[in-house]
>>> print(open('model_3.csv').read())   # CSV, C-alpha atoms
chain,number,residue,atom,x,y,z
A,370,MET,CA,-3.7,-90.1,122.1
A,371,ARG,CA,-7.3,-89.1,121.4
A,372,TYR,CA,-9.6,-87.7,124.1
A,373,PRO,CA,-13.3,-88.2,124.2
A,374,LEU,CA,-15.4,-85.4,122.9
A,375,THR,CA,-17.2,-85.0,126.2
A,376,MET,CA,-13.9,-84.5,128.0
A,377,ILE,CA,-12.8,-81.8,125.6
A,378,ARG,CA,-16.2,-80.0,126.1
A,379,HIS,CA,-15.8,-80.4,129.8
A,380,SER,CA,-12.3,-78.9,129.8
A,381,ASN,CA,-13.5,-76.0,127.6
A,382,PHE,CA,-16.4,-75.3,129.9
A,383,TRP,CA,-14.1,-75.0,133.0
A,384,PHE,CA,-11.6,-72.9,131.0
A,385,VAL,CA,-14.4,-70.4,130.2
A,386,VAL,CA,-15.6,-70.4,133.8
A,387,SER,CA,-12.1,-69.8,135.1
A,388,CYS,CA,-11.7,-66.8,132.7
A,389,VAL,CA,-15.0,-65.3,133.7
A,390,PHE,CA,-14.1,-65.8,137.4
A,391,ALA,CA,-10.7,-64.1,136.9
A,392,ALA,CA,-12.3,-61.2,135.1
A,393,VAL,CA,-14.8,-60.7,137.9
A,394,LEU,CA,-12.0,-60.7,140.5
A,395,PHE,CA,-10.0,-58.3,138.4
A,396,PHE,CA,-12.8,-55.7,137.9
A,397,ASN,CA,-13.8,-56.1,141.6
A,398,ALA,CA,-10.2,-55.3,142.6
A,399,VAL,CA,-10.1,-52.3,140.2
A,400,TYR,CA,-13.3,-50.8,141.6
A,401,ARG,CA,-11.9,-51.1,145.2
A,402,LEU,CA,-8.9,-49.1,144.3
A,403,PRO,CA,-8.8,-45.4,145.5
A,404,ILE,CA,-10.0,-43.2,142.6
A,405,GLU,CA,-6.9,-41.1,143.1
A,406,TYR,CA,-4.8,-44.1,142.1
A,407,VAL,CA,-6.8,-44.5,138.9
A,408,MET,CA,-6.6,-40.7,138.1
A,409,SER,CA,-2.8,-40.7,138.5
A,410,GLY,CA,-2.4,-42.9,135.4
A,411,GLU,CA,-1.3,-46.1,137.1
A,412,PRO,CA,-1.8,-49.3,135.0
A,413,VAL,CA,-5.5,-49.5,135.8
A,414,ILE,CA,-7.6,-48.5,132.7
A,415,LEU,CA,-11.3,-47.7,132.9
A,416,PRO,CA,-13.6,-46.8,130.0
A,417,GLN,CA,-13.4,-43.1,129.4
A,418,ASN,CA,-17.0,-42.6,130.3
A,419,ASP,CA,-16.9,-44.9,133.4
A,420,GLN,CA,-19.1,-43.6,136.2
A,421,ARG,CA,-16.2,-43.4,138.6
A,422,ILE,CA,-14.3,-41.0,136.3
A,423,ILE,CA,-17.5,-39.0,135.7
A,424,GLN,CA,-18.1,-38.7,139.5
A,425,TYR,CA,-14.5,-37.7,140.1
A,426,ILE,CA,-14.8,-34.9,137.5
A,427,LEU,CA,-18.0,-33.6,139.1
A,428,SER,CA,-17.0,-34.1,142.8
A,429,LYS,CA,-13.6,-32.4,142.3
A,430,LYS,CA,-15.3,-29.5,140.4
A,431,LEU,CA,-13.0,-30.0,137.4
A,432,LEU,CA,-15.8,-28.4,135.4
A,433,GLN,CA,-16.6,-24.8,136.3
A,434,PRO,CA,-19.9,-23.2,135.1
A,435,PRO,CA,-20.2,-20.2,132.9
A,436,SER,CA,-19.8,-16.8,134.5
A,437,GLU,CA,-23.0,-14.7,135.1
A,438,LYS,CA,-20.9,-11.5,135.3
A,439,PRO,CA,-20.4,-9.0,132.4
A,440,TYR,CA,-17.4,-9.7,130.2
A,441,ASN,CA,-14.1,-8.3,131.4
A,442,LEU,CA,-12.1,-8.1,128.2
A,443,GLU,CA,-9.2,-6.0,127.1
A,444,MET,CA,-10.4,-5.6,123.5
A,445,PRO,CA,-14.1,-6.4,123.5
A,446,ASP,CA,-14.7,-5.1,120.0
A,447,GLU,CA,-12.1,-7.3,118.3
A,448,ASP,CA,-12.1,-10.9,117.1
A,449,PRO,CA,-8.9,-12.3,118.6
A,450,SER,CA,-8.8,-15.4,116.3
A,451,ARG,CA,-6.0,-15.4,113.8
A,452,GLY,CA,-8.1,-16.9,111.0
A,453,GLN,CA,-9.2,-20.2,112.4
A,454,GLY,CA,-12.5,-19.1,113.9
A,455,GLN,CA,-13.3,-17.0,110.8
A,456,LEU,CA,-12.8,-20.0,108.5
A,457,ILE,CA,-14.9,-22.3,110.7
A,458,ARG,CA,-17.7,-19.7,110.7
A,459,LYS,CA,-17.7,-19.8,106.9
A,460,ILE,CA,-17.8,-23.5,106.8
A,461,LEU,CA,-20.7,-23.6,109.3
A,462,ASN,CA,-22.5,-20.8,107.5
A,463,ASN,CA,-22.4,-18.5,110.6
A,464,MET,CA,-24.1,-21.1,112.7
A,465,THR,CA,-25.7,-19.9,115.9
A,466,LYS,CA,-26.0,-21.6,119.3
A,467,GLY,CA,-23.4,-24.1,118.6
A,468,PHE,CA,-21.1,-25.9,121.0
A,469,PHE,CA,-17.3,-25.6,121.0
A,470,VAL,CA,-14.3,-27.0,122.8
A,471,GLU,CA,-11.1,-24.9,122.9
A,472,CYS,CA,-7.9,-26.3,124.2
A,473,GLY,CA,-5.7,-24.5,125.2
A,474,GLY,CA,-8.0,-21.9,126.5
A,475,LEU,CA,-5.1,-19.7,127.5
A,476,ASP,CA,-6.5,-16.6,129.3
A,477,GLY,CA,-9.9,-16.8,127.6
A,478,GLU,CA,-9.2,-13.9,125.3
A,479,THR,CA,-5.7,-13.8,123.7
A,480,ARG,CA,-6.0,-15.3,120.2
A,481,SER,CA,-9.2,-17.2,121.3
A,482,ASN,CA,-10.8,-18.9,118.3
A,483,THR,CA,-14.2,-19.1,120.1
A,484,LEU,CA,-14.7,-15.8,121.8
A,485,PHE,CA,-16.5,-14.2,118.8
A,486,MET,CA,-18.8,-17.2,118.4
A,487,GLU,CA,-19.7,-17.0,122.1
A,488,MET,CA,-20.3,-13.2,122.2
A,489,HIS,CA,-22.0,-12.7,118.8
A,490,LEU,CA,-23.5,-16.0,117.7
A,491,GLY,CA,-24.8,-17.4,121.0
A,492,TRP,CA,-22.4,-20.4,121.2
A,493,LYS,CA,-21.6,-22.2,124.4
A,494,GLY,CA,-18.8,-24.5,125.1
A,495,LEU,CA,-15.9,-25.8,127.1
A,496,LEU,CA,-12.5,-24.0,127.6
A,497,VAL,CA,-9.7,-26.3,128.7
A,498,GLU,CA,-6.5,-24.8,130.1
A,499,ALA,CA,-3.9,-26.7,132.0
A,500,ASP,CA,-1.7,-23.9,133.3
A,501,PRO,CA,-3.0,-22.8,136.7
A,502,ASN,CA,-1.8,-19.2,136.1
A,503,ASN,CA,-3.4,-18.9,132.7
A,504,TYR,CA,-6.6,-20.5,134.1
A,505,MET,CA,-6.9,-17.8,136.9
A,506,GLN,CA,-6.7,-15.2,134.2
A,507,LEU,CA,-9.3,-17.0,132.1
A,508,LEU,CA,-11.7,-16.9,135.0
A,509,THR,CA,-11.4,-13.1,135.2
A,510,LYS,CA,-12.7,-12.7,131.6
A,511,ASN,CA,-16.1,-13.9,132.7
A,512,ARG,CA,-16.6,-16.2,129.7
A,513,LYS,CA,-20.1,-17.6,129.2
A,514,SER,CA,-18.9,-21.2,128.8
A,515,TRP,CA,-17.8,-24.0,131.0
A,516,SER,CA,-14.1,-24.2,131.8
A,517,SER,CA,-11.7,-26.8,133.2
A,518,ASN,CA,-8.2,-26.4,134.7
A,519,THR,CA,-7.0,-29.7,133.4
A,520,CYS,CA,-4.9,-30.8,130.4
A,521,LEU,CA,-6.3,-33.1,127.8
A,522,SER,CA,-5.0,-36.6,128.1
A,523,ILE,CA,-2.4,-37.9,125.7
A,524,LYS,CA,-3.3,-41.4,126.8
A,525,PRO,CA,-6.7,-43.1,126.5
A,526,HIS,CA,-7.3,-42.7,130.2
A,527,PRO,CA,-6.8,-40.1,133.0
A,528,HIS,CA,-3.3,-39.5,134.0
A,529,GLN,CA,-1.1,-36.9,135.7
A,530,ALA,CA,1.6,-35.0,133.9
A,531,ASN,CA,4.3,-32.4,134.6
A,532,PHE,CA,3.4,-29.2,132.8
A,533,ILE,CA,5.8,-26.4,131.7
A,534,GLN,CA,4.3,-23.0,132.6
A,535,ASP,CA,5.0,-20.5,129.8
A,536,PHE,CA,1.8,-18.6,128.9
A,537,ASN,CA,0.9,-19.5,125.3
A,538,GLN,CA,3.9,-22.0,124.9
A,539,GLY,CA,3.1,-24.1,128.0
A,540,LYS,CA,3.1,-27.9,127.3
A,541,ILE,CA,3.4,-31.3,128.9
A,542,LEU,CA,6.9,-32.3,129.8
A,543,GLU,CA,7.2,-36.0,129.1
A,544,GLY,CA,9.7,-38.2,130.8
A,545,ASN,CA,10.0,-36.3,134.1
A,546,PRO,CA,8.8,-38.7,136.8
A,547,ASP,CA,8.9,-36.1,139.6
A,548,GLY,CA,5.5,-34.7,140.4
A,549,SER,CA,6.6,-31.8,142.6
A,550,GLU,CA,7.0,-28.2,141.3
A,551,SER,CA,10.4,-27.7,140.0
A,552,VAL,CA,12.5,-25.6,137.6
A,553,VAL,CA,14.1,-27.5,134.7
A,554,PRO,CA,15.7,-26.7,131.3
A,555,VAL,CA,13.1,-27.3,128.6
A,556,PHE,CA,14.9,-27.0,125.2
A,557,THR,CA,15.5,-29.9,122.9
A,558,ASP,CA,17.8,-29.9,120.0
A,559,ARG,CA,14.9,-30.5,117.6
A,560,GLU,CA,13.0,-27.5,119.1
A,561,LEU,CA,16.0,-25.2,118.7
A,562,MET,CA,16.5,-26.3,115.1
A,563,ARG,CA,12.8,-25.8,114.4
A,564,GLY,CA,13.0,-22.3,115.9
A,565,GLY,CA,9.9,-22.9,118.1
A,566,PRO,CA,10.7,-21.8,121.6
A,567,GLN,CA,13.8,-19.6,121.1
A,568,ASP,CA,12.0,-16.7,122.8
A,569,MET,CA,11.4,-18.8,125.9
A,570,ALA,CA,13.6,-18.5,128.9
A,571,PRO,CA,16.2,-21.3,129.3
A,572,TYR,CA,14.5,-22.5,132.5
A,573,GLN,CA,10.8,-22.9,133.2
A,574,THR,CA,8.6,-23.7,136.1
A,575,VAL,CA,7.0,-27.2,136.0
A,576,VAL,CA,3.9,-28.1,137.9
A,577,LYS,CA,1.9,-31.3,138.2
A,578,VAL,CA,-1.5,-31.2,136.4
A,579,GLN,CA,-4.4,-33.6,136.1
A,580,CYS,CA,-5.1,-34.8,132.5
A,581,MET,CA,-8.5,-36.0,131.5
A,582,PRO,CA,-9.6,-37.5,128.2
A,583,LEU,CA,-11.8,-35.1,126.2
A,584,PHE,CA,-14.5,-37.8,126.0
A,585,SER,CA,-14.6,-38.0,129.8
A,586,LEU,CA,-15.1,-34.3,130.2
A,587,LEU,CA,-17.8,-34.2,127.6
A,588,ALA,CA,-19.5,-37.3,129.1
A,589,ALA,CA,-19.6,-35.5,132.5
A,590,MET,CA,-21.4,-32.6,130.6
A,591,ASN,CA,-23.7,-35.0,128.8
A,592,VAL,CA,-22.4,-33.7,125.5
A,593,SER,CA,-22.2,-36.0,122.4
A,594,VAL,CA,-22.0,-33.4,119.6
A,595,VAL,CA,-19.2,-30.8,119.3
A,596,ASP,CA,-19.6,-28.3,116.4
A,597,TYR,CA,-16.1,-26.9,116.6
A,598,PHE,CA,-13.0,-28.3,118.4
A,599,SER,CA,-10.0,-25.9,118.6
A,600,LEU,CA,-6.9,-27.8,119.5
A,601,ASP,CA,-3.6,-26.1,120.3
A,602,VAL,CA,-1.4,-27.9,122.9
A,603,GLU,CA,2.1,-27.2,121.7
A,604,GLY,CA,3.0,-30.5,120.1
A,605,ASN,CA,0.7,-33.2,121.6
A,606,GLU,CA,-2.1,-32.6,119.2
A,607,LEU,CA,-1.9,-36.0,117.5
A,608,GLN,CA,-1.7,-37.8,120.8
A,609,VAL,CA,-4.8,-36.1,122.0
A,610,LEU,CA,-6.7,-36.9,118.8
A,611,LYS,CA,-5.8,-40.5,119.1
A,612,THR,CA,-7.6,-40.8,122.5
A,613,ILE,CA,-10.9,-39.6,121.1
A,614,PRO,CA,-13.5,-42.4,120.3
A,615,PHE,CA,-14.8,-40.8,117.1
A,616,ASP,CA,-17.4,-43.5,116.8
A,617,LYS,CA,-19.0,-42.3,120.1
A,618,ILE,CA,-18.8,-38.5,119.6
A,619,LEU,CA,-19.5,-36.3,116.6
A,620,ILE,CA,-17.0,-33.5,116.1
A,621,LYS,CA,-18.1,-31.5,113.1
A,622,THR,CA,-15.1,-29.2,112.5
A,623,LEU,CA,-11.6,-28.9,114.0
A,624,SER,CA,-8.7,-26.5,113.8
A,625,VAL,CA,-5.5,-28.3,114.8
A,626,GLU,CA,-2.2,-26.6,115.2
A,627,PHE,CA,0.6,-28.6,113.5
A,628,ILE,CA,3.8,-26.6,113.8
A,629,HIS,CA,5.0,-28.2,117.0
A,630,THR,CA,3.6,-31.7,116.4
A,631,GLU,CA,6.5,-34.1,116.7
A,632,GLU,CA,5.0,-36.6,114.2
A,633,GLY,CA,4.7,-33.9,111.6
A,634,LYS,CA,1.9,-32.3,109.6
A,635,GLU,CA,1.7,-35.3,107.2
A,636,LEU,CA,0.9,-37.9,109.9
A,637,LEU,CA,-1.6,-35.5,111.5
A,638,LEU,CA,-3.4,-35.2,108.1
A,639,GLU,CA,-3.2,-38.9,107.5
A,640,PHE,CA,-4.8,-39.7,110.8
A,641,MET,CA,-7.7,-37.3,110.4
A,642,LEU,CA,-8.3,-38.5,106.8
A,643,SER,CA,-8.4,-42.1,108.2
A,644,LYS,CA,-11.3,-41.0,110.5
A,645,GLY,CA,-13.2,-39.8,107.5
A,646,TYR,CA,-12.6,-36.1,107.8
A,647,GLY,CA,-11.9,-33.8,104.9
A,648,LEU,CA,-9.2,-31.1,104.8
A,649,ALA,CA,-10.9,-27.7,104.4
A,650,GLY,CA,-7.8,-25.6,104.4
A,651,GLU,CA,-4.7,-24.4,106.2
A,652,VAL,CA,-4.6,-21.2,108.3
A,653,THR,CA,-1.3,-19.4,108.9
A,654,PHE,CA,-0.5,-16.0,110.4
A,655,VAL,CA,2.6,-13.8,110.7
A,656,ASN,CA,5.1,-14.7,113.4
A,657,ASN,CA,3.7,-18.2,113.7
A,658,LEU,CA,0.6,-16.9,115.5
A,659,ALA,CA,-1.4,-19.5,113.5
A,660,ASN,CA,-0.4,-22.7,111.9
A,661,ASP,CA,-3.5,-24.9,111.8
A,662,LEU,CA,-5.2,-27.5,109.6
A,663,ILE,CA,-8.9,-27.2,109.3
A,664,PHE,CA,-10.9,-30.4,109.2
A,665,VAL,CA,-14.6,-31.0,108.3
A,666,HIS,CA,-16.7,-34.1,109.2
A,667,PRO,CA,-18.6,-35.7,106.3
A,668,SER,CA,-21.9,-34.8,107.9
A,669,VAL,CA,-21.3,-31.1,107.3
A,670,ALA,CA,-19.0,-31.4,104.3
A,671,LYS,CA,-21.8,-31.1,101.7
A,672,GLY,CA,-21.9,-27.5,100.4
A,673,TRP,CA,-19.2,-26.1,102.7
A,674,SER,CA,-16.7,-25.6,99.8
A,675,GLN,CA,-19.2,-23.3,98.0
A,676,ARG,CA,-19.2,-21.1,101.1
A,677,LEU,CA,-15.4,-20.6,101.1
>>> encode(input="model_3.csv", output="structure tokens")
Amino acid sequence: MRYPLTMIRHSNFWFVVSCVFAAVLFFNAVYRLPIEYVMSGEPVILPQNDQRIIQYILSKKLLQPPSEKPYNLEMPDEDPSRGQGQLIRKILNNMTKGFFVECGGLDGETRSNTLFMEMHLGWKGLLVEADPNNYMQLLTKNRKSWSSNTCLSIKPHPHQANFIQDFNQGKILEGNPDGSESVVPVFTDRELMRGGPQDMAPYQTVVKVQCMPLFSLLAAMNVSVVDYFSLDVEGNELQVLKTIPFDKILIKTLSVEFIHTEEGKELLLEFMLSKGYGLAGEVTFVNNLANDLIFVHPSVAKGWSQRL
């Protein structure tokens, strides 16, 4: 049976109208939801730079301003980085007044890859630290950069997660639906075989933390260019990187820890190469204090090899 062309066009028109109407109803319903519901990671996804997310970050003071007090460091004359910061400085030719992001920020001093840049080269930046205990220590260091007591999202939208508190080995505990503070065993067979957390106690305190996409935090700061991104989140590095819209933000250099990454170093490398980055080197340090891949964006790649 053949239908008149006018009837087909008529049906297509009303199909489009109904789709648009449904979309309007959907987005209207989304924007009426409590923002706390959206932040919890329920199946309501907003763009990472959506104004509701930005306003939540600002209103909840998830970004703390730089300290105006003098530094309060245990070893103010030492560069605490274990090689990552030094290599980045070579690549960037000792660039001054750059912008960095460091996650995890830990206590703001211990093995920090950005402290030297901040103190001696006039850099500013953002320190992200999920562990509330570490973050309180970070604030006492009086860093001259912004800071955030959040974790970086491992999903392309805000969500909440249970976080194992263990100083420099703290990490997201996936698969635990309970949001209250608790004490749980944290070892996996793979971790024990890998020799990663053998020095950890067999039980750890777990707390609920708010996770935000890196792009959301930077959008709230009106930052679109990051000169150096130091990423060390005890195994979720690739997941964090996959949330970043690299077409909307320029990250010139990165150091990414790989030793705890479940997907393995090869997949991490493959992903960054697919984004157009070049591998500048690998930094290791005794006792696994550094196991990082160093990546360079094409915009700064020209000439960097001659400086190494």
>>> closest_residue(input="model_3.csv", among="A:Gln433, A:Thr574, A:Leu521, A:Leu490", to="Leu508 in chain A", atoms="all atoms listed in the file")
A:Gln433
>>> closest_residue(input="model_3.csv", among="A:Leu461, A:Leu507, A:Met486, A:Leu456", to="Pro435 in chain A", atoms="all atoms listed in the file")
A:Leu507
>>> atom_distance(input="model_3.csv", atom1="CA of Asp446 in chain A", atom2="CA of Lys513 in chain A")
16.4 Å
>>> closest_residue(input="model_3.csv", among="A:Asn656, A:Val595, A:Ile613, A:Pro525", to="Ile414 in chain A", atoms="all atoms listed in the file")
A:Pro525
>>> atom_distance(input="model_3.csv", atom1="CA of Glu498 in chain A", atom2="CA of Leu600 in chain A")
11.0 Å
>>> closest_residue(input="model_3.csv", among="A:Ser593, A:Ser599, A:Gln453, A:Ser409", to="Cys472 in chain A", atoms="all atoms listed in the file")
A:Ser599
>>> closest_residue(input="model_3.csv", among="A:Leu607, A:Gly454, A:Phe627, A:Val655", to="Phe640 in chain A", atoms="only C-alpha atoms")
A:Leu607
>>> atom_distance(input="model_3.csv", atom1="CA of Asn502 in chain A", atom2="CA of Asn518 in chain A")
9.7 Å
